[in-house]
>>> print(open('run_29.txt').read())   # compact mmCIF, C-alpha atoms
# COMPACT_ATOMS: atom_id res chain seq x y z
CA MET A 1 141.18 142.48 14.57
CA THR A 2 142.82 143.37 11.29
CA VAL A 3 142.27 142.28 7.70
CA GLN A 4 145.96 142.72 6.96
CA GLN A 5 148.16 139.79 8.04
CA PRO A 6 145.18 138.10 9.74
CA LEU A 7 147.30 135.50 11.54
CA ASN A 8 148.55 138.37 13.71
CA ASN A 9 145.03 138.36 15.18
CA LEU A 10 145.79 134.95 16.67
CA ILE A 11 148.71 136.51 18.56
CA ARG A 12 146.59 139.51 19.60
CA ASN A 13 143.76 137.26 20.76
CA SER A 14 146.12 135.16 22.87
CA ILE A 15 147.34 138.28 24.64
CA HIS A 16 143.76 139.50 25.07
CA ALA A 17 142.72 136.15 26.54
CA LEU A 18 145.59 136.14 28.99
CA SER A 19 144.86 139.70 30.12
CA MET A 20 141.20 138.87 30.61
CA ILE A 21 142.12 135.97 32.84
CA LEU A 22 144.66 138.06 34.74
CA ALA A 23 141.87 140.58 35.28
CA GLY A 24 139.65 137.90 36.82
CA VAL A 25 136.77 137.68 34.35
CA ASN A 26 134.03 135.11 34.88
CA GLY A 27 134.00 133.96 31.29
CA THR A 28 135.78 134.55 28.01
CA GLN A 29 134.92 134.16 24.39
CA ILE A 30 137.76 134.59 21.95
CA ASP A 31 136.95 135.75 18.44
CA ALA A 32 138.35 133.77 15.51
CA TYR A 33 141.42 135.32 13.87
CA ASP A 34 139.74 135.51 10.46
CA GLU A 35 136.56 137.34 11.49
CA ALA A 36 137.64 140.59 9.88
CA LEU A 37 137.55 138.75 6.55
CA GLY A 38 134.14 137.13 6.85
CA GLU A 39 132.37 134.36 8.69
CA PRO A 40 135.01 132.35 10.56
CA THR A 41 136.26 128.99 9.33
CA GLU A 42 135.98 125.97 11.60
CA GLU A 43 139.77 125.84 11.90
CA ALA A 44 139.91 129.45 13.12
CA VAL A 45 137.14 128.88 15.67
CA THR A 46 138.89 125.76 16.97
CA LEU A 47 142.11 127.73 17.39
CA SER A 48 140.23 130.28 19.51
CA LEU A 49 139.22 127.45 21.80
CA ARG A 50 142.80 126.16 21.83
CA ILE A 51 144.01 129.55 23.10
CA GLN A 52 141.88 129.11 26.19
CA GLN A 53 142.90 125.47 26.59
CA VAL A 54 146.62 126.31 26.38
CA ILE A 55 146.18 129.03 28.99
CA LEU A 56 144.16 126.69 31.21
CA HIS A 57 146.48 123.68 31.11
CA GLU A 58 149.92 125.01 30.31
CA THR A 59 150.38 128.26 32.21
CA GLY A 60 149.35 127.44 35.78
CA ILE A 61 147.45 130.71 35.91
CA VAL A 62 144.31 129.00 37.17
CA ASP A 63 146.07 127.91 40.37
CA ILE A 64 145.84 131.41 41.81
CA CYS A 65 142.84 133.69 42.01
CA ASP A 66 144.35 137.14 41.57
CA PRO A 67 147.91 136.81 40.27
CA LEU A 68 148.41 140.56 39.84
CA GLY A 69 146.84 141.56 43.15
CA GLY A 70 148.94 144.22 44.87
CA SER A 71 150.66 145.45 41.75
CA TYR A 72 150.96 149.19 42.24
CA TYR A 73 150.50 150.02 38.56
CA LEU A 74 147.48 147.78 38.09
CA GLU A 75 145.74 149.06 41.23
CA TRP A 76 146.35 152.60 40.01
CA LEU A 77 144.94 151.74 36.58
CA THR A 78 141.88 150.18 38.18
CA ASN A 79 141.28 153.37 40.16
CA GLU A 80 141.65 155.41 36.99
CA VAL A 81 139.06 153.32 35.17
CA GLU A 82 136.74 153.76 38.14
CA ARG A 83 137.30 157.53 38.27
CA LYS A 84 136.69 157.98 34.56
CA THR A 85 133.61 155.76 34.69
CA TYR A 86 132.09 157.99 37.37
CA GLU A 87 132.95 161.06 35.30
CA LEU A 88 131.14 159.55 32.34
CA LEU A 89 128.12 158.58 34.46
CA GLU A 90 127.94 162.17 35.67
CA THR A 91 128.03 163.45 32.08
CA ILE A 92 125.12 161.12 31.26
CA GLU A 93 123.13 162.23 34.32
CA LYS A 94 123.68 165.91 33.46
CA GLN A 95 122.07 165.32 30.09
CA GLY A 96 118.97 163.84 31.69
CA GLY A 97 119.97 160.20 32.05
CA TYR A 98 120.49 157.14 29.94
CA ILE A 99 117.23 157.21 27.94
CA LYS A 100 117.72 160.89 27.01
CA CYS A 101 121.26 160.16 25.83
CA LEU A 102 120.04 157.21 23.80
CA GLU A 103 117.28 159.23 22.16
CA SER A 104 119.46 162.22 21.41
CA GLY A 105 121.99 159.95 19.69
CA TRP A 106 124.71 161.05 22.12
CA PHE A 107 125.93 157.50 22.78
CA LYS A 108 126.28 156.75 19.09
CA ARG A 109 127.93 160.09 18.44
CA VAL A 110 130.64 159.78 21.09
CA THR A 111 131.31 156.16 20.13
CA ALA A 112 131.64 157.11 16.46
CA GLU A 113 133.86 160.07 17.33
CA SER A 114 136.17 157.94 19.39
CA ALA A 115 136.37 155.27 16.66
CA TYR A 116 137.17 158.00 14.12
CA LYS A 117 139.92 159.47 16.31
CA TRP A 118 141.43 156.01 16.77
CA ARG A 119 141.33 155.36 13.02
CA LYS A 120 142.94 158.71 12.25
CA LYS A 121 145.79 157.92 14.63
CA LEU A 122 146.37 154.74 12.63
CA GLU A 123 146.32 156.56 9.33
CA SER A 124 148.77 159.19 10.58
CA GLY A 125 151.00 156.52 12.09
CA GLU A 126 150.71 158.05 15.56
CA ARG A 127 149.44 154.71 16.79
CA VAL A 128 151.09 151.53 15.53
CA LEU A 129 149.16 148.48 14.44
CA VAL A 130 151.52 145.74 13.32
CA GLY A 131 150.93 144.70 9.73
CA VAL A 132 148.64 147.68 9.11
CA ASN A 133 150.79 150.78 9.33
CA LYS A 134 154.13 149.24 10.28
CA TYR A 135 155.90 146.03 9.20
CA VAL A 136 153.54 145.97 6.25
CA SER A 137 153.96 143.22 3.69
CA ASP A 138 152.48 143.37 0.23
CA SER A 139 151.89 139.65 -0.19
CA GLY A 140 148.17 139.96 0.51
CA HIS A 141 146.35 137.71 2.94
CA GLN A 142 147.01 134.04 2.35
CA VAL A 143 144.35 132.56 4.62
CA LYS A 144 141.27 130.98 3.15
CA VAL A 145 138.00 132.81 3.66
CA PHE A 146 134.91 130.87 4.69
CA SER A 147 132.23 130.50 2.01
CA PRO A 148 128.79 129.39 3.14
CA ASP A 149 127.08 126.48 1.41
CA PRO A 150 124.77 128.06 -1.20
CA GLU A 151 122.14 125.49 -0.21
CA ALA A 152 122.13 126.71 3.41
CA GLU A 153 119.90 129.68 2.65
CA LYS A 154 117.33 127.54 0.85
CA MET A 155 117.31 125.06 3.73
CA ALA A 156 116.81 127.83 6.28
CA ILE A 157 113.85 129.26 4.34
CA GLU A 158 112.26 125.82 3.99
CA ASN A 159 112.78 125.28 7.69
CA VAL A 160 110.86 128.45 8.62
CA GLN A 161 108.08 127.63 6.15
CA ARG A 162 107.69 124.14 7.58
CA HIS A 163 107.72 125.53 11.12
CA ARG A 164 104.90 127.96 10.23
CA ARG A 165 102.85 125.17 8.67
CA GLU A 166 103.24 122.82 11.59
CA ARG A 167 102.75 125.13 14.57
CA ASP A 168 99.41 126.01 16.18
CA ASN A 169 98.89 129.28 14.32
CA GLU A 170 95.88 130.35 16.38
CA LYS A 171 97.85 130.04 19.59
CA CYS A 172 100.86 131.80 18.08
CA ARG A 173 98.76 134.73 16.85
CA ALA A 174 97.17 135.11 20.29
CA SER A 175 100.63 135.22 21.94
CA LEU A 176 101.90 137.83 19.51
CA GLU A 177 98.78 139.90 20.10
CA ARG A 178 99.38 139.69 23.83
CA LEU A 179 102.97 140.85 23.28
CA ARG A 180 101.60 143.76 21.25
CA GLN A 181 99.18 144.78 24.02
CA GLU A 182 101.94 144.53 26.66
CA SER A 183 104.25 146.59 24.44
CA ILE A 184 101.63 149.29 24.00
CA ARG A 185 101.26 149.49 27.78
CA VAL A 186 105.02 149.91 28.10
CA GLU A 187 105.07 152.54 25.35
CA HIS A 188 102.39 154.46 27.29
CA SER A 189 104.40 154.03 30.52
CA GLU A 190 101.64 152.03 32.15
CA THR A 191 104.04 149.29 33.27
CA ASP A 192 107.72 149.09 34.19
CA GLY A 193 108.80 147.84 30.78
CA ASN A 194 109.52 144.18 31.32
CA LEU A 195 108.35 142.31 28.23
CA MET A 196 110.39 139.18 28.84
CA GLU A 197 107.50 137.01 29.99
CA ALA A 198 105.37 137.86 26.95
CA ILE A 199 108.35 137.32 24.62
CA VAL A 200 109.18 133.93 26.13
CA GLN A 201 105.53 132.88 25.86
CA ALA A 202 105.36 133.94 22.20
CA ALA A 203 108.51 131.94 21.49
CA ARG A 204 107.06 128.91 23.31
CA ASP A 205 103.94 129.20 21.17
CA GLY A 206 106.08 129.01 18.05
CA ALA A 207 106.53 132.67 17.08
CA THR A 208 109.78 133.31 15.19
CA LEU A 209 112.35 135.89 16.22
CA GLY A 210 111.40 137.93 13.15
CA GLU A 211 107.71 137.95 14.09
CA ILE A 212 108.49 138.99 17.66
CA GLN A 213 110.79 141.78 16.46
CA ALA A 214 108.15 142.94 13.97
CA VAL A 215 105.71 143.50 16.85
CA LEU A 216 108.30 145.44 18.85
CA ARG A 217 109.31 147.56 15.84
CA ASP A 218 105.69 148.26 15.10
CA VAL A 219 104.95 149.53 18.61
CA PHE A 220 108.23 151.20 19.57
CA GLY A 221 109.46 152.38 16.18
CA ILE A 222 112.91 152.10 14.69
CA ASP A 223 116.18 153.99 14.50
CA LYS A 224 115.94 155.25 18.05
CA GLY A 225 119.19 156.84 19.05
CA SER A 226 120.62 156.82 15.58
CA SER A 227 122.77 159.76 14.77
CA GLU A 228 124.33 160.81 11.58
CA MET B 229 129.35 174.30 -10.05
CA LYS B 230 128.11 172.26 -7.14
CA GLU B 231 129.31 173.28 -3.73
CA LYS B 232 129.57 169.88 -2.15
CA ILE B 233 129.37 166.24 -3.10
CA ARG B 234 126.15 164.78 -1.71
CA PHE B 235 126.86 161.22 -0.68
CA LEU B 236 124.36 158.63 0.52
CA LEU B 237 126.10 156.31 2.96
CA THR B 238 124.00 153.42 4.06
CA LYS B 239 123.86 150.01 5.71
CA SER B 240 121.18 147.47 6.46
CA ARG B 241 119.21 148.00 9.62
CA LEU B 242 119.30 144.25 10.21
CA ASP B 243 123.01 144.39 10.96
CA ALA B 244 124.01 146.37 14.03
CA HIS B 245 127.70 146.75 13.12
CA ASP B 246 127.85 150.48 12.48
CA ARG B 247 131.21 151.54 13.86
CA ALA B 248 133.16 151.26 10.63
CA VAL B 249 130.51 152.85 8.45
CA LEU B 250 130.10 155.78 10.87
CA THR B 251 133.87 156.20 10.86
CA VAL B 252 133.75 156.48 7.08
CA ALA B 253 130.91 159.01 7.46
CA SER B 254 133.16 161.19 9.63
CA ALA B 255 136.00 160.91 7.13
CA LEU B 256 133.79 161.97 4.22
CA LYS B 257 132.43 164.92 6.17
CA GLU B 258 135.92 166.02 7.08
CA ALA B 259 136.79 165.76 3.38
CA GLY B 260 134.10 168.38 2.71
CA MET B 261 131.26 166.15 1.56
CA GLU B 262 127.67 166.25 2.60
CA VAL B 263 126.87 162.82 4.02
CA ILE B 264 123.36 161.46 4.27
CA PHE B 265 123.46 158.36 6.46
CA ILE B 266 120.52 155.98 6.65
CA GLU B 267 119.95 152.44 7.79
CA PHE B 268 117.77 150.79 5.18
CA GLY B 269 115.14 148.12 5.68
CA THR B 270 114.84 147.10 2.04
CA PRO B 271 116.72 148.03 -1.16
CA GLU B 272 113.58 150.02 -2.06
CA ASP B 273 114.11 152.29 1.01
CA LEU B 274 117.67 152.87 -0.06
CA VAL B 275 116.73 153.80 -3.61
CA MET B 276 113.94 156.13 -2.44
CA SER B 277 116.36 157.96 -0.13
CA ALA B 278 118.88 158.31 -2.95
CA ILE B 279 116.24 159.86 -5.19
CA GLN B 280 114.66 162.10 -2.57
CA GLU B 281 118.03 163.37 -1.36
CA ASP B 282 119.26 163.87 -4.92
CA VAL B 283 122.66 162.39 -4.14
CA ASP B 284 125.70 162.27 -6.40
CA MET B 285 126.79 158.85 -5.29
CA ILE B 286 125.87 155.89 -3.07
CA GLY B 287 128.06 153.90 -0.68
CA ILE B 288 126.68 150.71 0.82
CA GLY B 289 128.39 149.04 3.77
CA PHE B 290 128.04 145.34 4.55
CA ALA B 291 129.33 143.46 7.57
CA ALA B 292 127.20 140.34 7.41
CA GLY B 293 126.91 139.07 3.86
CA GLY B 294 124.21 139.44 1.26
CA CYS B 295 126.14 142.20 -0.47
CA VAL B 296 125.76 140.93 -4.03
CA ARG B 297 122.03 140.24 -3.79
CA VAL B 298 121.17 143.58 -2.16
CA THR B 299 123.38 145.64 -4.46
CA GLU B 300 122.01 143.87 -7.52
CA GLU B 301 118.49 144.76 -6.40
CA VAL B 302 119.47 148.40 -5.77
CA ILE B 303 120.92 148.67 -9.27
CA ARG B 304 117.81 147.04 -10.76
CA LEU B 305 115.44 149.41 -8.91
CA LEU B 306 117.49 152.44 -9.95
CA LYS B 307 117.42 151.32 -13.58
CA LYS B 308 113.66 150.79 -13.35
CA ARG B 309 113.41 154.50 -12.56
CA GLY B 310 115.66 155.40 -15.44
CA ILE B 311 118.74 156.04 -13.30
CA ASP B 312 121.67 154.11 -14.66
CA ASN B 313 124.60 156.43 -14.09
CA LEU B 314 124.55 156.96 -10.32
CA PRO B 315 127.90 155.63 -9.13
CA ILE B 316 127.79 153.02 -6.37
CA ILE B 317 130.62 151.85 -4.17
CA VAL B 318 130.50 149.03 -1.64
CA GLY B 319 132.58 148.53 1.48
CA GLY B 320 132.91 146.43 4.60
CA THR B 321 133.46 142.75 5.19
CA ILE B 322 133.35 141.62 1.58
CA HIS B 323 134.29 138.11 0.53
CA PRO B 324 136.95 138.18 -2.25
CA ASN B 325 134.58 136.25 -4.57
CA ASP B 326 131.80 138.75 -3.87
CA ALA B 327 134.13 141.65 -4.64
CA VAL B 328 134.61 140.23 -8.13
CA LYS B 329 130.85 139.75 -8.60
CA LEU B 330 130.10 143.27 -7.37
CA LYS B 331 132.41 144.76 -9.98
CA GLU B 332 130.72 142.59 -12.61
CA ILE B 333 127.25 143.92 -11.82
CA GLY B 334 128.40 147.51 -12.12
CA VAL B 335 129.72 148.59 -8.72
CA ARG B 336 132.44 151.15 -9.39
CA GLU B 337 134.77 150.07 -6.62
CA VAL B 338 134.87 147.80 -3.58
CA PHE B 339 136.57 148.92 -0.36
CA PRO B 340 137.04 145.92 1.92
CA GLY B 341 138.16 146.25 5.53
CA GLY B 342 141.61 147.78 5.72
CA SER B 343 140.96 150.41 3.04
CA SER B 344 142.20 153.88 3.95
CA PHE B 345 140.12 157.05 4.17
CA SER B 346 142.10 158.68 1.37
CA GLN B 347 141.50 155.73 -0.99
CA ILE B 348 137.77 156.19 -0.47
CA THR B 349 137.61 159.98 -0.65
CA ASN B 350 139.89 160.16 -3.70
CA PHE B 351 137.77 157.63 -5.51
CA ILE B 352 134.54 159.50 -4.75
CA ARG B 353 136.02 162.74 -6.09
CA PHE B 354 137.14 160.88 -9.18
CA CYS B 355 133.58 159.57 -9.71
CA VAL B 356 131.80 162.87 -9.09
CA PRO B 357 133.45 165.47 -11.30
CA GLY B 358 132.38 169.09 -11.53
CA THR B 359 132.41 169.85 -7.84
CA ARG B 360 134.63 172.24 -6.02
CA TYR B 361 136.60 169.41 -4.47
CA SER B 362 137.07 167.24 -7.50
>>> encode(input="run_29.txt", output="structure tokens")
Amino acid sequence: MTVQQPLNNLIRNSIHALSMILAGVNGTQIDAYDEALGEPTEEAVTLSLRIQQVILHETGIVDICDPLGGSYYLEWLTNEVERKTYELLETIEKQGGYIKCLESGWFKRVTAESAYKWRKKLESGERVLVGVNKYVSDSGHQVKVFSPDPEAEKMAIENVQRHRRERDNEKCRASLERLRQESIRVEHSETDGNLMEAIVQAARDGATLGEIQAVLRDVFGIDKGSSE
Amino acid sequence: MKEKIRFLLTKSRLDAHDRAVLTVASALKEAGMEVIFIEFGTPEDLVMSAIQEDVDMIGIGFAAGGCVRVTEEVIRLLKKRGIDNLPIIVGGTIHPNDAVKLKEIGVREVFPGGSSFSQITNFIRFCVPGTRYS
């Protein structure tokens, strides 16, 4: 997704969508072409849906389950992805497993490094991104950028305030306290770590996402796995 | 003469999009700067880190809106502590209207998506004179 010549993203997204379907995914969600500029406009979101509809109705690709099955190159690529995945899993295991890698910031570090390498290849021109480092035009982006209704924020705040007034606060507090106790047990490794039931119950009793997250932050802390 | 530019690079903890800002962190480090990266909870956190780390400049990244309000508050809190010359730059997914407002409230420069590393590093060196790299 690029800021420069944003309509190119519509072309990129169409190719992405087609490759996903060729690969046999169970579901797709196509980003709007203007999401590098801000919140998407309704027009851009609708066009994302149209990409899928065009592929569905106009290409015939849904008549066959694995159109690229048997392609030598694709089978080879699939094996390569598998091989490299196992290599990566081994690297993770050697460092003590997933949790250790998360806590040491290793995941964030390697992701950031790879993003930096990719970006540097763009800046040096080693890798081409159309409209960014090749076929550049200086006309600026001509698409309109979504602007939220200034009233929306006020309405959202009023909504939460009304919700807090109208719910059974006693019940809600009790649920959040139960979530806290369950979380403490998880933090002390007394249970396997599944908080879903307590979270769902808190939500059913009217707790907001922010209140639920506050409990979790309070017990488990923040910035785990952040690296600099 | 200072050895290195000390730069506070920061984004809100409420927004998980950190790939771009961490990429900028790498670029600044490679350009010889000392980068302090934090995810802030409130503008107050951000200002406290800037003071405690004695930074030469602040860069705030936004990917999910609220950039004018937060930056305004940061500038107000800095002023309250008598700091009114610490240069601030803002980057990320910035609405064109917000970019104008940010400049109006005193942000030195805005680097929306698509800005190059050299644009950012050159500007920082321009803002922080008297260092080896400026």
>>> closest_residue(input="run_29.txt", among="B:Lys308, B:Ile322, B:Val283, B:Lys331", to="Ser343 of chain B", atoms="all atoms listed in the file")
B:Ile322
>>> atom_distance(input="run_29.txt", atom1="atom CA of Arg164 of chain A", atom2="atom CA of Val215 of chain A")
16.9 Å
>>> residues_around(input="run_29.txt", residues="Glu113 of chain A", least_positions_apart="2", cutoff="12 Å", atoms="all atoms listed in the file", output="JSON, numbers by chain")
{"A": [106, 107, 108, 109, 110, 111, 115, 116, 117, 118, 119, 120, 227, 228], "B": [247, 248, 249, 250, 251, 252, 253, 254, 255]}
>>> interface_residues(input="run_29.txt", of="chain A", to="chain B", cutoff="12 Å", atoms="only C-alpha atoms", output="PyMOL selection string")
chain A and resi 1-6+34-40+107-124+129+131-133+140-148+150+153+210+213-214+217+222-224+226-228
>>> atom_distance(input="run_29.txt", atom1="atom CA of Ile348 of chain B", atom2="atom CA of Thr299 of chain B")
18.3 Å
>>> closest_residue(input="run_29.txt", among="B:Met285, B:Leu242, B:Ile303, B:Ile311", to="Ile352 of chain B", atoms="all atoms listed in the file")
B:Met285
>>> residues_around(input="run_29.txt", residues="Ser71 of chain A", least_positions_apart="6", cutoff="12 Å", atoms="only C-alpha atoms", output="list in words")
Leu22, Ala23, Leu77 and Thr78 of chain A
>>> atom_distance(input="run_29.txt", atom1="atom CA of Ile199 of chain A", atom2="atom CA of Leu176 of chain A")
8.2 Å
>>> residues_near_point(input="run_29.txt", point="(138.3, 136.6, 19.3)", cutoff="12 Å", atoms="all atoms listed in the file", output="PyMOL selection string")
chain A and resi 1-2+6-17+20+28-36+40+44-52
>>> decode(input="run_29.txt", residues="segment 324-338 of chain B", atoms="N, CA, C and O atoms", output="PDB file, in the first residue's frame")
ATOM      1  N   PRO B 324      -4.038  15.558   5.410  1.00  0.00           N
ATOM      2  CA  PRO B 324      -3.486  16.825   4.914  1.00  0.00           C
ATOM      3  C   PRO B 324      -3.942  18.037   5.739  1.00  0.00           C
ATOM      4  O   PRO B 324      -3.143  18.939   6.007  1.00  0.00           O
ATOM      5  N   ASN B 325      -5.200  18.043   6.181  1.00  0.00           N
ATOM      6  CA  ASN B 325      -5.678  19.165   7.012  1.00  0.00           C
ATOM      7  C   ASN B 325      -4.954  19.210   8.354  1.00  0.00           C
ATOM      8  O   ASN B 325      -4.659  20.274   8.881  1.00  0.00           O
ATOM      9  N   ASP B 326      -4.692  18.009   8.906  1.00  0.00           N
ATOM     10  CA  ASP B 326      -3.995  17.945  10.194  1.00  0.00           C
ATOM     11  C   ASP B 326      -2.553  18.422  10.049  1.00  0.00           C
ATOM     12  O   ASP B 326      -2.006  19.042  10.962  1.00  0.00           O
ATOM     13  N   ALA B 327      -1.945  18.124   8.902  1.00  0.00           N
ATOM     14  CA  ALA B 327      -0.558  18.543   8.680  1.00  0.00           C
ATOM     15  C   ALA B 327      -0.463  20.063   8.772  1.00  0.00           C
ATOM     16  O   ALA B 327       0.462  20.604   9.387  1.00  0.00           O
ATOM     17  N   VAL B 328      -1.443  20.743   8.206  1.00  0.00           N
ATOM     18  CA  VAL B 328      -1.471  22.207   8.260  1.00  0.00           C
ATOM     19  C   VAL B 328      -1.614  22.668   9.718  1.00  0.00           C
ATOM     20  O   VAL B 328      -0.877  23.537  10.189  1.00  0.00           O
ATOM     21  N   LYS B 329      -2.550  22.038  10.440  1.00  0.00           N
ATOM     22  CA  LYS B 329      -2.782  22.431  11.840  1.00  0.00           C
ATOM     23  C   LYS B 329      -1.540  22.175  12.695  1.00  0.00           C
ATOM     24  O   LYS B 329      -1.206  22.968  13.569  1.00  0.00           O
ATOM     25  N   LEU B 330      -0.870  21.060  12.446  1.00  0.00           N
ATOM     26  CA  LEU B 330       0.322  20.731  13.237  1.00  0.00           C
ATOM     27  C   LEU B 330       1.395  21.797  13.083  1.00  0.00           C
ATOM     28  O   LEU B 330       2.036  22.198  14.058  1.00  0.00           O
ATOM     29  N   LYS B 331       1.575  22.263  11.845  1.00  0.00           N
ATOM     30  CA  LYS B 331       2.568  23.313  11.610  1.00  0.00           C
ATOM     31  C   LYS B 331       2.152  24.594  12.347  1.00  0.00           C
ATOM     32  O   LYS B 331       2.992  25.302  12.885  1.00  0.00           O
ATOM     33  N   GLU B 332       0.846  24.833  12.371  1.00  0.00           N
ATOM     34  CA  GLU B 332       0.337  26.043  13.033  1.00  0.00           C
ATOM     35  C   GLU B 332       0.604  26.037  14.542  1.00  0.00           C
ATOM     36  O   GLU B 332       0.886  27.079  15.128  1.00  0.00           O
ATOM     37  N   ILE B 333       0.530  24.853  15.155  1.00  0.00           N
ATOM     38  CA  ILE B 333       0.721  24.821  16.615  1.00  0.00           C
ATOM     39  C   ILE B 333       2.194  24.715  16.997  1.00  0.00           C
ATOM     40  O   ILE B 333       2.522  24.615  18.174  1.00  0.00           O
ATOM     41  N   GLY B 334       3.068  24.694  16.022  1.00  0.00           N
ATOM     42  CA  GLY B 334       4.493  24.777  16.344  1.00  0.00           C
ATOM     43  C   GLY B 334       5.336  23.557  16.002  1.00  0.00           C
ATOM     44  O   GLY B 334       6.520  23.514  16.336  1.00  0.00           O
ATOM     45  N   VAL B 335       4.724  22.548  15.372  1.00  0.00           N
ATOM     46  CA  VAL B 335       5.512  21.385  14.942  1.00  0.00           C
ATOM     47  C   VAL B 335       6.441  21.831  13.815  1.00  0.00           C
ATOM     48  O   VAL B 335       6.016  22.532  12.896  1.00  0.00           O
ATOM     49  N   ARG B 336       7.725  21.453  13.928  1.00  0.00           N
ATOM     50  CA  ARG B 336       8.697  21.961  12.959  1.00  0.00           C
ATOM     51  C   ARG B 336       8.453  21.418  11.549  1.00  0.00           C
ATOM     52  O   ARG B 336       8.554  22.122  10.571  1.00  0.00           O
ATOM     53  N   GLU B 337       8.165  20.111  11.482  1.00  0.00           N
ATOM     54  CA  GLU B 337       7.926  19.535  10.166  1.00  0.00           C
ATOM     55  C   GLU B 337       7.053  18.294  10.309  1.00  0.00           C
ATOM     56  O   GLU B 337       7.049  17.638  11.349  1.00  0.00           O
ATOM     57  N   VAL B 338       6.306  17.994   9.244  1.00  0.00           N
ATOM     58  CA  VAL B 338       5.451  16.813   9.239  1.00  0.00           C
ATOM     59  C   VAL B 338       5.948  15.885   8.138  1.00  0.00           C
ATOM     60  O   VAL B 338       6.193  16.318   7.004  1.00  0.00           O
TER      61      VAL B 338
END
